[in-house]
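**Student:** Sharing input13.tsv (TSV, C-alpha atoms) below.
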```tsv
chain	number	residue	atom	x	y	z
A	19	MET	CA	91.65	155.10	83.37
A	20	ALA	CA	92.00	156.66	86.83
A	21	LYS	CA	94.61	159.30	87.46
A	22	ILE	CA	97.07	158.38	90.21
A	23	MET	CA	98.87	160.85	92.44
A	24	HIS	CA	101.73	160.07	94.78
A	25	VAL	CA	101.13	161.70	98.19
A	26	GLN	CA	103.31	162.02	101.23
A	27	THR	CA	102.62	163.11	104.80
A	28	VAL	CA	103.99	162.93	108.32
A	29	LEU	CA	102.06	160.82	110.83
A	30	VAL	CA	102.74	159.48	114.31
A	31	VAL	CA	104.04	155.89	114.21
A	32	ASP	CA	101.53	154.77	116.85
A	33	ASP	CA	98.69	156.08	114.67
A	34	ILE	CA	99.97	154.16	111.65
A	35	GLU	CA	100.31	150.96	113.69
A	36	ALA	CA	96.78	151.41	115.07
A	37	LEU	CA	95.46	152.02	111.54
A	38	LYS	CA	97.16	148.88	110.22
A	39	GLU	CA	95.67	146.87	113.06
A	40	LYS	CA	92.19	148.31	112.61
A	41	THR	CA	92.15	147.84	108.83
A	42	GLY	CA	93.79	144.41	109.00
A	43	GLU	CA	96.37	145.48	106.43
A	44	PRO	CA	100.03	144.54	106.98
A	45	ASN	CA	101.58	147.60	105.38
A	46	THR	CA	101.10	151.35	105.63
A	47	LYS	CA	100.21	151.93	101.98
A	48	ASP	CA	97.32	149.46	101.99
A	49	ALA	CA	96.08	150.57	105.43
A	50	LEU	CA	95.95	154.20	104.32
A	51	ALA	CA	94.27	153.30	101.02
A	52	LYS	CA	91.62	151.24	102.84
A	53	ALA	CA	91.01	154.01	105.39
A	54	VAL	CA	90.64	156.67	102.69
A	55	GLN	CA	88.25	154.46	100.70
A	56	HIS	CA	86.16	153.84	103.81
A	57	TYR	CA	86.06	157.55	104.61
A	58	LEU	CA	84.89	158.39	101.10
A	59	GLU	CA	82.16	155.72	101.13
A	60	CYS	CA	80.97	156.09	104.74
A	61	GLU	CA	77.52	157.62	105.08
A	62	TYR	CA	78.46	159.38	108.30
A	63	THR	CA	81.15	161.56	106.70
A	64	ARG	CA	78.55	163.22	104.44
A	65	VAL	CA	76.56	164.85	107.21
A	66	GLU	CA	77.49	167.97	109.12
A	67	ASP	CA	77.24	166.37	112.54
A	68	MET	CA	78.26	162.77	111.90
A	69	TRP	CA	78.21	161.75	115.57
A	70	THR	CA	74.60	162.83	116.00
A	71	LYS	CA	73.59	160.92	112.87
A	72	LYS	CA	75.48	157.82	113.99
A	73	LEU	CA	73.93	157.98	117.46
A	74	GLU	CA	70.45	158.33	115.94
A	75	ASN	CA	71.04	155.20	113.87
A	76	VAL	CA	72.31	153.24	116.89
A	77	VAL	CA	69.28	154.28	118.95
A	78	LYS	CA	66.92	153.26	116.13
A	79	LYS	CA	68.62	149.88	115.79
A	80	GLU	CA	68.54	149.22	119.54
A	81	LEU	CA	64.91	150.30	119.75
A	82	LYS	CA	63.99	147.86	116.97
A	83	LYS	CA	65.82	145.05	118.84
A	84	TYR	CA	64.05	145.95	122.08
A	85	LEU	CA	60.61	146.05	120.45
A	86	TRP	CA	61.26	142.81	118.61
A	87	ARG	CA	62.25	141.03	121.88
A	88	LYS	CA	59.19	142.46	123.63
A	89	ASN	CA	56.78	140.93	121.09
```
I'd like the structure from this file rewritten - as structure tokens, please.
**Tutor:**
Amino acid sequence: MAKIMHVQTVLVVDDIEALKEKTGEPNTKDALAKAVQHYLECEYTRVEDMWTKKLENVVKKELKKYLWRKN
């Protein structure tokens, strides 16, 4: 059984509203839970320079599309 901890923090209302919109969740609790879960599972958060890694993956994907169209 997983241990559960109640946490509390102060955030800007606009950030919470944007998070709810982005996650598609109607309430703050579920939006935060979904965002935390995504952060923990996302491959880009495990590397030191996540933006470089993400950009490399985008370039690879676009290059594959370009080469595929060319053939």
**Student:** Need the neighbours of (103.8, 157.5, 100.9): which residues are at most 10 Å away, counting all atoms listed in the file, as JSON, numbers by chain?
**Tutor:** {"A": [24, 25, 26, 27, 28, 46, 47, 50]}
**Student:** Identify, on the basis of all atoms listed in the file, every residue whose closest approach to Ala51 (chain A) does not exceed 12 Å; exclude the query and any residue fewer than 4 positions from it along the same chain; express the result as a PyMOL selection string.
**Tutor:** chain A and resi 24-25+37-38+41-43+45-47+55-58
**Student:** So how far away is CA of Lys72 (chain A) from CA of Cys60 (chain A), in Å?
**Tutor:** 10.9 Å
**Student:** Please measure the separation of CA of Ala53 (chain A) and CA of Asp32 (chain A), giving the value in Å to one decimal.
**Tutor:**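 It comes out at 15.6 Å.
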**Student:** Kindly give the distance, in Å, that separates CA of Asp33 (chain A) and CA of Ala20 (chain A), rounded to a single decimal.
**Tutor:**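 So the answer is 28.6 Å.
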**Student:** For each of A:Leu29, A:Glu61, A:Ala49, A:Arg87, take the minimum atom-to-atom distance to Asn75 (chain A), counting only C-alpha atoms, then give the residue where this is smallest.
**Tutor:** A:Glu61
**Student:** Since the input is missing atoms, can you rebuild N, CA, C and O atoms for region 21-47 of chain A and write them as an mmCIF file, keeping the file's coordinate frame?
**Tutor:**
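What landed in result22.cif:
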```cif
data_model
loop_
_atom_site.group_PDB
_atom_site.id
_atom_site.type_symbol
_atom_site.label_atom_id
_atom_site.label_comp_id
_atom_site.auth_asym_id
_atom_site.auth_seq_id
_atom_site.Cartn_x
_atom_site.Cartn_y
_atom_site.Cartn_z
ATOM 1 N N LYS A 21 93.356 158.592 87.244
ATOM 2 C CA LYS A 21 94.610 159.300 87.460
ATOM 3 C C LYS A 21 95.140 158.910 88.835
ATOM 4 O O LYS A 21 94.377 158.772 89.783
ATOM 5 N N ILE A 22 96.431 158.757 88.947
ATOM 6 C CA ILE A 22 97.070 158.380 90.210
ATOM 7 C C ILE A 22 98.012 159.495 90.626
ATOM 8 O O ILE A 22 98.740 160.052 89.804
ATOM 9 N N MET A 23 97.987 159.812 91.911
ATOM 10 C CA MET A 23 98.870 160.850 92.440
ATOM 11 C C MET A 23 99.628 160.267 93.629
ATOM 12 O O MET A 23 99.044 159.614 94.495
ATOM 13 N N HIS A 24 100.907 160.492 93.648
ATOM 14 C CA HIS A 24 101.730 160.070 94.780
ATOM 15 C C HIS A 24 101.609 161.158 95.861
ATOM 16 O O HIS A 24 101.785 162.331 95.582
ATOM 17 N N VAL A 25 101.278 160.738 97.089
ATOM 18 C CA VAL A 25 101.130 161.700 98.190
ATOM 19 C C VAL A 25 102.050 161.289 99.330
ATOM 20 O O VAL A 25 102.416 160.126 99.482
ATOM 21 N N GLN A 26 102.406 162.266 100.125
ATOM 22 C CA GLN A 26 103.310 162.020 101.230
ATOM 23 C C GLN A 26 102.886 162.898 102.399
ATOM 24 O O GLN A 26 102.474 164.042 102.220
ATOM 25 N N THR A 27 102.976 162.353 103.623
ATOM 26 C CA THR A 27 102.620 163.110 104.800
ATOM 27 C C THR A 27 103.394 162.594 106.005
ATOM 28 O O THR A 27 104.018 161.543 105.940
ATOM 29 N N VAL A 28 103.332 163.333 107.088
ATOM 30 C CA VAL A 28 103.990 162.930 108.320
ATOM 31 C C VAL A 28 102.909 162.544 109.324
ATOM 32 O O VAL A 28 101.985 163.301 109.580
ATOM 33 N N LEU A 29 103.011 161.317 109.854
ATOM 34 C CA LEU A 29 102.060 160.820 110.830
ATOM 35 C C LEU A 29 102.809 160.176 111.995
ATOM 36 O O LEU A 29 103.940 159.718 111.832
ATOM 37 N N VAL A 30 102.163 160.104 113.131
ATOM 38 C CA VAL A 30 102.740 159.480 114.310
ATOM 39 C C VAL A 30 102.774 157.961 114.085
ATOM 40 O O VAL A 30 101.794 157.371 113.621
ATOM 41 N N VAL A 31 103.881 157.326 114.420
ATOM 42 C CA VAL A 31 104.040 155.890 114.210
ATOM 43 C C VAL A 31 102.944 155.092 114.909
ATOM 44 O O VAL A 31 102.399 154.139 114.340
ATOM 45 N N ASP A 32 102.592 155.474 116.126
ATOM 46 C CA ASP A 32 101.530 154.770 116.850
ATOM 47 C C ASP A 32 100.201 154.828 116.099
ATOM 48 O O ASP A 32 99.439 153.858 116.100
ATOM 49 N N ASP A 33 99.922 155.953 115.450
ATOM 50 C CA ASP A 33 98.690 156.080 114.670
ATOM 51 C C ASP A 33 98.712 155.145 113.459
ATOM 52 O O ASP A 33 97.704 154.508 113.137
ATOM 53 N N ILE A 34 99.838 155.051 112.809
ATOM 54 C CA ILE A 34 99.970 154.160 111.650
ATOM 55 C C ILE A 34 99.802 152.705 112.090
ATOM 56 O O ILE A 34 99.101 151.929 111.434
ATOM 57 N N GLU A 35 100.429 152.340 113.190
ATOM 58 C CA GLU A 35 100.310 150.960 113.690
ATOM 59 C C GLU A 35 98.854 150.648 114.068
ATOM 60 O O GLU A 35 98.353 149.569 113.771
ATOM 61 N N ALA A 36 98.185 151.598 114.702
ATOM 62 C CA ALA A 36 96.780 151.410 115.070
ATOM 63 C C ALA A 36 95.914 151.282 113.814
ATOM 64 O O ALA A 36 94.988 150.461 113.769
ATOM 65 N N LEU A 37 96.203 152.075 112.797
ATOM 66 C CA LEU A 37 95.460 152.020 111.540
ATOM 67 C C LEU A 37 95.656 150.672 110.851
ATOM 68 O O LEU A 37 94.704 150.066 110.363
ATOM 69 N N LYS A 38 96.879 150.186 110.820
ATOM 70 C CA LYS A 38 97.160 148.880 110.220
ATOM 71 C C LYS A 38 96.405 147.778 110.957
ATOM 72 O O LYS A 38 95.840 146.876 110.341
ATOM 73 N N GLU A 39 96.381 147.870 112.277
ATOM 74 C CA GLU A 39 95.670 146.870 113.060
ATOM 75 C C GLU A 39 94.163 146.933 112.803
ATOM 76 O O GLU A 39 93.506 145.917 112.598
ATOM 77 N N LYS A 40 93.630 148.137 112.791
ATOM 78 C CA LYS A 40 92.190 148.310 112.610
ATOM 79 C C LYS A 40 91.729 147.893 111.214
ATOM 80 O O LYS A 40 90.661 147.306 111.053
ATOM 81 N N THR A 41 92.532 148.183 110.199
ATOM 82 C CA THR A 41 92.150 147.840 108.830
ATOM 83 C C THR A 41 92.497 146.392 108.488
ATOM 84 O O THR A 41 92.002 145.860 107.502
ATOM 85 N N GLY A 42 93.370 145.783 109.284
ATOM 86 C CA GLY A 42 93.790 144.410 109.000
ATOM 87 C C GLY A 42 94.817 144.327 107.882
ATOM 88 O O GLY A 42 95.081 143.256 107.350
ATOM 89 N N GLU A 43 95.373 145.450 107.515
ATOM 90 C CA GLU A 43 96.370 145.480 106.430
ATOM 91 C C GLU A 43 97.778 145.450 107.025
ATOM 92 O O GLU A 43 98.059 146.130 108.013
ATOM 93 N N PRO A 44 98.686 144.688 106.429
ATOM 94 C CA PRO A 44 100.030 144.540 106.980
ATOM 95 C C PRO A 44 100.978 145.710 106.702
ATOM 96 O O PRO A 44 101.971 145.890 107.394
ATOM 97 N N ASN A 45 100.658 146.500 105.683
ATOM 98 C CA ASN A 45 101.580 147.600 105.380
ATOM 99 C C ASN A 45 100.854 148.951 105.368
ATOM 100 O O ASN A 45 99.639 149.021 105.227
ATOM 101 N N THR A 46 101.632 149.993 105.503
ATOM 102 C CA THR A 46 101.100 151.350 105.630
ATOM 103 C C THR A 46 100.313 151.780 104.398
ATOM 104 O O THR A 46 99.225 152.345 104.512
ATOM 105 N N LYS A 47 100.857 151.504 103.223
ATOM 106 C CA LYS A 47 100.210 151.930 101.980
ATOM 107 C C LYS A 47 98.793 151.373 101.874
ATOM 108 O O LYS A 47 97.836 152.105 101.596
#
```
